[in-house]
$ cat coords_27.pdb   # PDB, C-alpha atoms
ATOM      1  CA  MET A   1      -9.581  16.058 -20.315
ATOM      2  CA  GLN A   2      -9.619  15.228 -16.646
ATOM      3  CA  PRO A   3      -9.318  17.988 -14.041
ATOM      4  CA  LEU A   4      -6.029  18.730 -12.298
ATOM      5  CA  ILE A   5      -5.595  16.943  -9.022
ATOM      6  CA  PHE A   6      -3.677  19.180  -6.622
ATOM      7  CA  LYS A   7      -2.312  16.259  -4.595
ATOM      8  CA  GLU A   8      -0.884  14.634  -7.743
ATOM      9  CA  VAL A   9       0.602  17.914  -8.966
ATOM     10  CA  LEU A  10       2.234  18.451  -5.569
ATOM     11  CA  SER A  11       3.589  14.883  -5.433
ATOM     12  CA  VAL A  12       5.020  14.984  -8.945
ATOM     13  CA  THR A  13       6.443  18.488  -8.363
ATOM     14  CA  MET A  14       8.261  17.292  -5.244
ATOM     15  CA  ILE A  15       9.557  14.137  -6.954
ATOM     16  CA  LEU A  16      10.887  16.103  -9.936
ATOM     17  CA  PHE A  17      12.359  18.778  -7.640
ATOM     18  CA  ALA A  18      14.301  16.097  -5.764
ATOM     19  CA  ILE A  19      15.509  14.419  -8.968
ATOM     20  CA  ILE A  20      16.436  17.669 -10.748
ATOM     21  CA  ASP A  21      18.146  18.916  -7.559
ATOM     22  CA  ILE A  22      18.634  22.441  -8.869
ATOM     23  CA  LEU A  23      19.721  23.683  -5.440
ATOM     24  CA  GLY A  24      22.379  20.983  -5.201
ATOM     25  CA  SER A  25      23.548  21.940  -8.686
ATOM     26  CA  ILE A  26      24.288  25.562  -7.750
ATOM     27  CA  PRO A  27      28.071  25.001  -7.393
ATOM     28  CA  VAL A  28      28.165  23.296 -10.811
ATOM     29  CA  ILE A  29      26.112  26.104 -12.357
ATOM     30  CA  ILE A  30      28.453  28.706 -10.863
ATOM     31  CA  GLU A  31      31.455  26.774 -12.187
ATOM     32  CA  LEU A  32      29.931  26.643 -15.673
ATOM     33  CA  ARG A  33      29.076  30.346 -15.530
ATOM     34  CA  GLN A  34      32.641  31.234 -14.560
ATOM     35  CA  ARG A  35      34.044  29.200 -17.450
ATOM     36  CA  ALA A  36      31.541  30.393 -20.057
ATOM     37  CA  GLY A  37      31.236  33.961 -18.806
ATOM     38  CA  HIS A  38      27.439  33.907 -18.930
ATOM     39  CA  ILE A  39      24.550  31.488 -18.653
ATOM     40  CA  GLN A  40      21.430  32.237 -20.636
ATOM     41  CA  SER A  41      18.814  31.384 -18.021
ATOM     42  CA  GLU A  42      15.888  31.785 -20.427
ATOM     43  CA  LYS A  43      17.492  29.568 -23.074
ATOM     44  CA  ALA A  44      18.433  26.898 -20.513
ATOM     45  CA  SER A  45      14.962  26.927 -18.929
ATOM     46  CA  ILE A  46      13.210  26.635 -22.289
ATOM     47  CA  ALA A  47      15.533  23.759 -23.236
ATOM     48  CA  VAL A  48      14.743  22.001 -19.933
ATOM     49  CA  LEU A  49      11.003  22.478 -20.489
ATOM     50  CA  VAL A  50      11.133  21.233 -24.090
ATOM     51  CA  LEU A  51      13.303  18.235 -23.181
ATOM     52  CA  MET A  52      11.075  17.146 -20.309
ATOM     53  CA  VAL A  53       7.772  17.614 -22.163
ATOM     54  CA  THR A  54       9.100  15.913 -25.287
ATOM     55  CA  PHE A  55      10.447  12.994 -23.284
ATOM     56  CA  LEU A  56       7.179  12.702 -21.373
ATOM     57  CA  PHE A  57       5.257  12.164 -24.605
ATOM     58  CA  VAL A  58       7.740  10.392 -26.900
ATOM     59  CA  GLY A  59      10.649   9.280 -24.706
ATOM     60  CA  ASN A  60      10.309   5.533 -25.150
ATOM     61  CA  GLU A  61       9.554   5.828 -28.853
ATOM     62  CA  LEU A  62      12.482   8.209 -29.414
ATOM     63  CA  LEU A  63      14.933   5.878 -27.722
ATOM     64  CA  ASN A  64      13.540   2.900 -29.649
ATOM     65  CA  VAL A  65      13.931   4.724 -32.992
ATOM     66  CA  ILE A  66      17.633   5.298 -32.393
ATOM     67  CA  GLY A  67      18.059   1.815 -30.955
ATOM     68  CA  LEU A  68      18.757   2.793 -27.361
ATOM     69  CA  ASP A  69      17.277   1.649 -24.122
ATOM     70  CA  ILE A  70      16.863   3.797 -21.025
ATOM     71  CA  SER A  71      19.818   2.100 -19.333
ATOM     72  CA  SER A  72      22.248   3.050 -22.128
ATOM     73  CA  PHE A  73      20.898   6.589 -22.069
ATOM     74  CA  ALA A  74      21.350   6.773 -18.287
ATOM     75  CA  ILE A  75      24.896   5.372 -18.457
ATOM     76  CA  ALA A  76      25.912   7.980 -21.064
ATOM     77  CA  GLY A  77      24.512  10.758 -18.850
ATOM     78  CA  SER A  78      26.300   9.334 -15.813
ATOM     79  CA  ILE A  79      29.659   9.484 -17.615
ATOM     80  CA  VAL A  80      29.199  13.173 -18.510
ATOM     81  CA  ILE A  81      28.182  13.937 -14.903
ATOM     82  CA  PHE A  82      31.190  11.927 -13.645
ATOM     83  CA  ILE A  83      33.595  14.019 -15.761
ATOM     84  CA  ILE A  84      32.047  17.302 -14.577
ATOM     85  CA  ALA A  85      32.352  16.069 -10.964
ATOM     86  CA  MET A  86      36.010  15.129 -11.465
ATOM     87  CA  GLU A  87      36.702  18.637 -12.736
ATOM     88  CA  MET A  88      35.090  20.075  -9.611
ATOM     89  CA  VAL A  89      36.918  17.816  -7.156
ATOM     90  CA  LEU A  90      40.363  17.845  -8.756
ATOM     91  CA  GLY A  91      40.304  21.405 -10.077
ATOM     92  CA  ILE A  92      41.440  20.283 -13.531
ATOM     93  CA  THR A  93      39.792  20.718 -16.907
ATOM     94  CA  PHE A  94      38.792  17.737 -19.017
ATOM     95  CA  PHE A  95      36.493  19.631 -21.343
ATOM     96  CA  LYS A  96      38.633  21.935 -23.418
ATOM     97  CA  ASP A  97      37.601  25.545 -23.321
ATOM     98  CA  ASP A  98      35.739  26.107 -26.499
ATOM     99  CA  PRO A  99      35.265  29.579 -27.976
ATOM    100  CA  ASP A 100      31.644  28.596 -28.575
ATOM    101  CA  MET A 101      31.171  27.438 -24.970
ATOM    102  CA  ALA A 102      29.331  30.636 -24.030
ATOM    103  CA  GLN A 103      26.780  29.809 -26.737
ATOM    104  CA  THR A 104      26.340  26.129 -25.893
ATOM    105  CA  VAL A 105      26.823  25.862 -22.119
ATOM    106  CA  SER A 106      23.210  26.804 -21.426
ATOM    107  CA  ILE A 107      22.066  23.740 -23.358
ATOM    108  CA  VAL A 108      24.935  21.225 -22.946
ATOM    109  CA  PRO A 109      25.917  20.371 -20.228
ATOM    110  CA  LEU A 110      23.548  22.582 -18.205
ATOM    111  CA  ALA A 111      20.043  21.851 -19.518
ATOM    112  CA  PHE A 112      21.130  18.362 -20.537
ATOM    113  CA  PRO A 113      22.393  16.233 -18.808
ATOM    114  CA  LEU A 114      22.750  18.245 -15.596
ATOM    115  CA  ILE A 115      19.159  19.461 -15.090
ATOM    116  CA  ALA A 116      17.054  17.380 -17.485
ATOM    117  CA  GLY A 117      19.321  14.366 -17.516
ATOM    118  CA  ALA A 118      18.878  10.637 -17.610
ATOM    119  CA  GLY A 119      17.553  10.505 -14.039
ATOM    120  CA  THR A 120      14.893  13.106 -14.789
ATOM    121  CA  MET A 121      13.915  11.453 -18.064
ATOM    122  CA  THR A 122      13.674   7.992 -16.525
ATOM    123  CA  THR A 123      11.621   9.426 -13.663
ATOM    124  CA  LEU A 124       9.218  11.067 -16.135
ATOM    125  CA  LEU A 125       8.619   7.740 -17.849
ATOM    126  CA  SER A 126       7.964   6.116 -14.454
ATOM    127  CA  LEU A 127       5.630   8.916 -13.353
ATOM    128  CA  LYS A 128       3.647   8.569 -16.570
ATOM    129  CA  SER A 129       2.496   5.130 -15.460
ATOM    130  CA  GLN A 130       1.306   6.411 -12.068
ATOM    131  CA  TYR A 131      -0.046   9.941 -12.598
ATOM    132  CA  GLN A 132      -2.264  11.777 -15.067
ATOM    133  CA  THR A 133      -0.328  13.477 -17.851
ATOM    134  CA  GLN A 134      -1.785  16.964 -17.249
ATOM    135  CA  ASN A 135      -0.674  16.809 -13.603
ATOM    136  CA  ILE A 136       2.852  15.858 -14.691
ATOM    137  CA  LEU A 137       2.849  18.764 -17.185
ATOM    138  CA  VAL A 138       1.942  21.265 -14.459
ATOM    139  CA  ALA A 139       4.702  19.847 -12.239
ATOM    140  CA  ILE A 140       7.196  20.168 -15.105
ATOM    141  CA  ILE A 141       6.211  23.823 -15.580
ATOM    142  CA  ILE A 142       6.550  24.548 -11.839
ATOM    143  CA  ASN A 143      10.006  22.933 -11.742
ATOM    144  CA  THR A 144      11.065  24.829 -14.858
ATOM    145  CA  LEU A 145      10.111  28.096 -13.144
ATOM    146  CA  ILE A 146      12.204  27.114 -10.108
ATOM    147  CA  VAL A 147      15.142  26.267 -12.407
ATOM    148  CA  TYR A 148      14.752  29.640 -14.124
ATOM    149  CA  LEU A 149      14.747  31.528 -10.800
ATOM    150  CA  VAL A 150      17.915  29.759  -9.628
ATOM    151  CA  LEU A 151      19.692  30.328 -12.966
ATOM    152  CA  LYS A 152      18.606  33.971 -13.084
ATOM    153  CA  ASN A 153      20.026  34.580  -9.597
ATOM    154  CA  VAL A 154      23.261  32.579  -9.907
ATOM    155  CA  LYS A 155      25.419  35.744  -9.887
ATOM    156  CA  TRP A 156      23.805  36.862  -6.637
ATOM    157  CA  LEU A 157      24.318  33.374  -5.138
ATOM    158  CA  GLU A 158      27.951  33.432  -6.246
ATOM    159  CA  HIS A 159      28.460  36.809  -4.553
ATOM    160  CA  LEU A 160      26.666  35.607  -1.417
ATOM    161  CA  LEU A 161      28.883  32.517  -1.071
ATOM    162  CA  GLY A 162      32.203  34.253  -1.813
ATOM    163  CA  LYS A 163      35.395  32.608  -3.126
ATOM    164  CA  ALA A 164      36.054  30.447  -0.060
ATOM    165  CA  GLY A 165      32.450  29.303   0.188
ATOM    166  CA  LEU A 166      32.393  28.490  -3.515
ATOM    167  CA  SER A 167      35.597  26.494  -3.280
ATOM    168  CA  ILE A 168      34.259  24.439  -0.368
ATOM    169  CA  LEU A 169      30.889  23.899  -2.055
ATOM    170  CA  ARG A 170      32.532  23.020  -5.376
ATOM    171  CA  LYS A 171      34.595  20.233  -3.784
ATOM    172  CA  ALA A 172      31.769  18.944  -1.579
ATOM    173  CA  PHE A 173      29.197  18.917  -4.364
ATOM    174  CA  GLY A 174      31.757  17.472  -6.736
ATOM    175  CA  VAL A 175      31.995  14.424  -4.459
ATOM    176  CA  ILE A 176      28.189  14.254  -4.232
ATOM    177  CA  LEU A 177      27.957  14.527  -8.016
ATOM    178  CA  LEU A 178      30.515  11.709  -8.322
ATOM    179  CA  ALA A 179      28.374   9.542  -6.060
ATOM    180  CA  ILE A 180      25.256  10.332  -8.124
ATOM    181  CA  ALA A 181      27.095   9.473 -11.346
ATOM    182  CA  ILE A 182      28.342   6.179  -9.908
ATOM    183  CA  LYS A 183      24.895   5.281  -8.556
ATOM    184  CA  LEU A 184      23.313   6.071 -11.923
ATOM    185  CA  PHE A 185      25.966   3.987 -13.679
ATOM    186  CA  ARG A 186      25.664   1.036 -11.286
ATOM    187  CA  SER A 187      21.880   0.918 -11.275
ATOM    188  CA  ASN A 188      21.764   0.900 -15.079
ATOM    189  CA  SER A 189      24.743  -1.354 -15.803
ATOM    190  CA  GLY A 190      23.849  -4.152 -13.411
ATOM    191  CA  LEU A 191      27.175  -3.915 -11.564
TER     192      LEU A 191
END

$ encode --input "coords_27.pdb" --output "structure tokens"
Amino acid sequence: MQPLIFKEVLSVTMILFAIIDILGSIPVIIELRQRAGHIQSEKASIAVLVLMVTFLFVGNELLNVIGLDISSFAIAGSIVIFIIAMEMVLGITFFKDDPDMAQTVSIVPLAFPLIAGAGTMTTLLSLKSQYQTQNILVAIIINTLIVYLVLKNVKWLEHLLGKAGLSILRKAFGVILLAIAIKLFRSNSGL
């Protein structure tokens, strides 16, 4: 096994941090927490870690087994993100409130596709061709810790922002999320 290269770890950590955009997702996370009542930060973080590590090692093979390409996977994720963004911008609910939502929200849609979504998975496959695997693994762990810290402190962030601040952020980030969904869709559909 080759030694860790700090510069690579730092580069990959920064790339993943930008793609995951956990700070930009705070309004969405708060929205999900309000609807579900509680977000299990440990469960979500473990799911993110498992998804990213699994995809790093067997992503292409997994998609090939089920007959999907990365573009189809990315388009599906973009549609889910688009619907979440529309809920934020318009203040309406597309996803019906499910009595089991409190149990599942930490995994879907939070861990996947919001945090470890198609963009993150595609990026991991790209990084694999440029960086050593152990450096990518360390960067994944660092980003998972950051995700955990944000999720663990979402109540405090919600209190800090207040109702008016949350409303403004929800609408603004809803539009940004819409743009991300459309960009993801366009870049993978060839439109």

$ resolve_selection --input "coords_27.pdb" --expression "the PyMOL selection byres ((chain A and resi 86) around 12)" --output "VMD selection string"
chain A and resid 28 79 to 85 87 to 95 170 to 179 181 to 182

$ closest_residue --input "coords_27.pdb" --among "A:Gln103, A:Ser72, A:Thr144, A:Gln134" --to "A:Thr122" --atoms "only C-alpha atoms"
A:Ser72

$ closest_residue --input "coords_27.pdb" --among "A:Ala118, A:Met14, A:Ile30, A:Ile5" --to "A:Glu158" --atoms "all atoms listed in the file"
A:Ile30

$ closest_atom_pairs --input "coords_27.pdb" --of "stretch 130-183 of chain A" --to "stretch 16-24 of chain A" --cutoff "8 Å" --atoms "all atoms listed in the file" --output "JSON lines"
{"residue": "A:Ala139", "atom": "CA", "partner": "A:Leu16", "partner_atom": "CA", "distance": 7.6}
{"residue": "A:Ile140", "atom": "CA", "partner": "A:Leu16", "partner_atom": "CA", "distance": 7.5}
{"residue": "A:Asn143", "atom": "CA", "partner": "A:Phe17", "partner_atom": "CA", "distance": 6.3}
{"residue": "A:Val147", "atom": "CA", "partner": "A:Ile22", "partner_atom": "CA", "distance": 6.3}
{"residue": "A:Val150", "atom": "CA", "partner": "A:Ile22", "partner_atom": "CA", "distance": 7.4}
{"residue": "A:Phe173", "atom": "CA", "partner": "A:Gly24", "partner_atom": "CA", "distance": 7.2}

$ residues_around --input "coords_27.pdb" --residues "A:Lys7" --least-positions-apart "2" --cutoff "12 Å" --atoms "only C-alpha atoms" --output "number ranges by chain"
A: 3-5, 9-14, 131-132, 135-136, 138-139

$ write_last_selection --input "coords_27.pdb" --atoms "C-alpha atoms" --output "PDB file, keeping the file's coordinate frame"
ATOM      1  CA  PRO A   3      -9.318  17.988 -14.041  1.00  0.00           C
ATOM      2  CA  LEU A   4      -6.029  18.730 -12.298  1.00  0.00           C
ATOM      3  CA  ILE A   5      -5.595  16.943  -9.022  1.00  0.00           C
ATOM      4  CA  VAL A   9       0.602  17.914  -8.966  1.00  0.00           C
ATOM      5  CA  LEU A  10       2.234  18.451  -5.569  1.00  0.00           C
ATOM      6  CA  SER A  11       3.589  14.883  -5.433  1.00  0.00           C
ATOM      7  CA  VAL A  12       5.020  14.984  -8.945  1.00  0.00           C
ATOM      8  CA  THR A  13       6.443  18.488  -8.363  1.00  0.00           C
ATOM      9  CA  MET A  14       8.261  17.292  -5.244  1.00  0.00           C
ATOM     10  CA  TYR A 131      -0.046   9.941 -12.598  1.00  0.00           C
ATOM     11  CA  GLN A 132      -2.264  11.777 -15.067  1.00  0.00           C
ATOM     12  CA  ASN A 135      -0.674  16.809 -13.603  1.00  0.00           C
ATOM     13  CA  ILE A 136       2.852  15.858 -14.691  1.00  0.00           C
ATOM     14  CA  VAL A 138       1.942  21.265 -14.459  1.00  0.00           C
ATOM     15  CA  ALA A 139       4.702  19.847 -12.239  1.00  0.00           C
TER      16      ALA A 139
END

$ closest_atom_pairs --input "coords_27.pdb" --of "stretch 68-142 of chain A" --to "stretch 43-59 of chain A" --cutoff "6 Å" --atoms "all atoms listed in the file" --output "tab-separated table"
residue	atom	partner	partner_atom	distance
A:Ser106	CA	A:Ala44	CA	4.9
A:Ile107	CA	A:Ala44	CA	5.6
A:Ala111	CA	A:Val48	CA	5.3
A:Ala116	CA	A:Val48	CA	5.7
A:Leu124	CA	A:Leu56	CA	5.9

$ decode --input "coords_27.pdb" --residues "stretch 122-135 of chain A" --atoms "N, CA, C and O atoms" --output "PDB file, in the first residue's frame"
ATOM      1  N   THR A 122     -20.609  10.299  -9.408  1.00  0.00           N
ATOM      2  CA  THR A 122     -19.903  10.502 -10.669  1.00  0.00           C
ATOM      3  C   THR A 122     -18.521  11.094 -10.404  1.00  0.00           C
ATOM      4  O   THR A 122     -17.535  10.695 -11.026  1.00  0.00           O
ATOM      5  N   THR A 123     -18.458  12.030  -9.468  1.00  0.00           N
ATOM      6  CA  THR A 123     -17.176  12.642  -9.107  1.00  0.00           C
ATOM      7  C   THR A 123     -16.223  11.595  -8.551  1.00  0.00           C
ATOM      8  O   THR A 123     -15.034  11.592  -8.888  1.00  0.00           O
ATOM      9  N   LEU A 124     -16.727  10.694  -7.703  1.00  0.00           N
ATOM     10  CA  LEU A 124     -15.870   9.642  -7.139  1.00  0.00           C
ATOM     11  C   LEU A 124     -15.266   8.777  -8.238  1.00  0.00           C
ATOM     12  O   LEU A 124     -14.079   8.437  -8.183  1.00  0.00           O
ATOM     13  N   LEU A 125     -16.068   8.436  -9.221  1.00  0.00           N
ATOM     14  CA  LEU A 125     -15.552   7.617 -10.326  1.00  0.00           C
ATOM     15  C   LEU A 125     -14.481   8.382 -11.109  1.00  0.00           C
ATOM     16  O   LEU A 125     -13.484   7.803 -11.539  1.00  0.00           O
ATOM     17  N   SER A 126     -14.678   9.689 -11.274  1.00  0.00           N
ATOM     18  CA  SER A 126     -13.681  10.512 -11.972  1.00  0.00           C
ATOM     19  C   SER A 126     -12.401  10.632 -11.152  1.00  0.00           C
ATOM     20  O   SER A 126     -11.293  10.540 -11.693  1.00  0.00           O
ATOM     21  N   LEU A 127     -12.549  10.836  -9.848  1.00  0.00           N
ATOM     22  CA  LEU A 127     -11.388  10.987  -8.969  1.00  0.00           C
ATOM     23  C   LEU A 127     -10.543   9.718  -8.942  1.00  0.00           C
ATOM     24  O   LEU A 127      -9.317   9.774  -8.828  1.00  0.00           O
ATOM     25  N   LYS A 128     -11.219   8.585  -9.047  1.00  0.00           N
ATOM     26  CA  LYS A 128     -10.534   7.289  -8.999  1.00  0.00           C
ATOM     27  C   LYS A 128      -9.489   7.165 -10.102  1.00  0.00           C
ATOM     28  O   LYS A 128      -8.474   6.502  -9.934  1.00  0.00           O
ATOM     29  N   SER A 129      -9.721   7.825 -11.217  1.00  0.00           N
ATOM     30  CA  SER A 129      -8.769   7.750 -12.324  1.00  0.00           C
ATOM     31  C   SER A 129      -7.595   8.718 -12.150  1.00  0.00           C
ATOM     32  O   SER A 129      -6.606   8.620 -12.868  1.00  0.00           O
ATOM     33  N   GLN A 130      -7.705   9.640 -11.184  1.00  0.00           N
ATOM     34  CA  GLN A 130      -6.668  10.658 -11.025  1.00  0.00           C
ATOM     35  C   GLN A 130      -5.902  10.575  -9.713  1.00  0.00           C
ATOM     36  O   GLN A 130      -4.792  11.086  -9.610  1.00  0.00           O
ATOM     37  N   TYR A 131      -6.505   9.970  -8.683  1.00  0.00           N
ATOM     38  CA  TYR A 131      -5.897   9.951  -7.354  1.00  0.00           C
ATOM     39  C   TYR A 131      -5.821   8.532  -6.814  1.00  0.00           C
ATOM     40  O   TYR A 131      -6.579   7.656  -7.231  1.00  0.00           O
ATOM     41  N   GLN A 132      -4.925   8.335  -5.850  1.00  0.00           N
ATOM     42  CA  GLN A 132      -4.783   7.026  -5.212  1.00  0.00           C
ATOM     43  C   GLN A 132      -6.015   6.755  -4.339  1.00  0.00           C
ATOM     44  O   GLN A 132      -6.519   7.648  -3.653  1.00  0.00           O
ATOM     45  N   THR A 133      -6.443   5.515  -4.348  1.00  0.00           N
ATOM     46  CA  THR A 133      -7.668   5.122  -3.650  1.00  0.00           C
ATOM     47  C   THR A 133      -7.618   5.438  -2.158  1.00  0.00           C
ATOM     48  O   THR A 133      -8.599   5.941  -1.595  1.00  0.00           O
ATOM     49  N   GLN A 134      -6.490   5.189  -1.497  1.00  0.00           N
ATOM     50  CA  GLN A 134      -6.428   5.449  -0.044  1.00  0.00           C
ATOM     51  C   GLN A 134      -6.575   6.932   0.269  1.00  0.00           C
ATOM     52  O   GLN A 134      -7.143   7.308   1.294  1.00  0.00           O
ATOM     53  N   ASN A 135      -6.115   7.804  -0.632  1.00  0.00           N
ATOM     54  CA  ASN A 135      -6.274   9.242  -0.431  1.00  0.00           C
ATOM     55  C   ASN A 135      -7.740   9.649  -0.597  1.00  0.00           C
ATOM     56  O   ASN A 135      -8.237  10.506   0.141  1.00  0.00           O
TER      57      ASN A 135
END
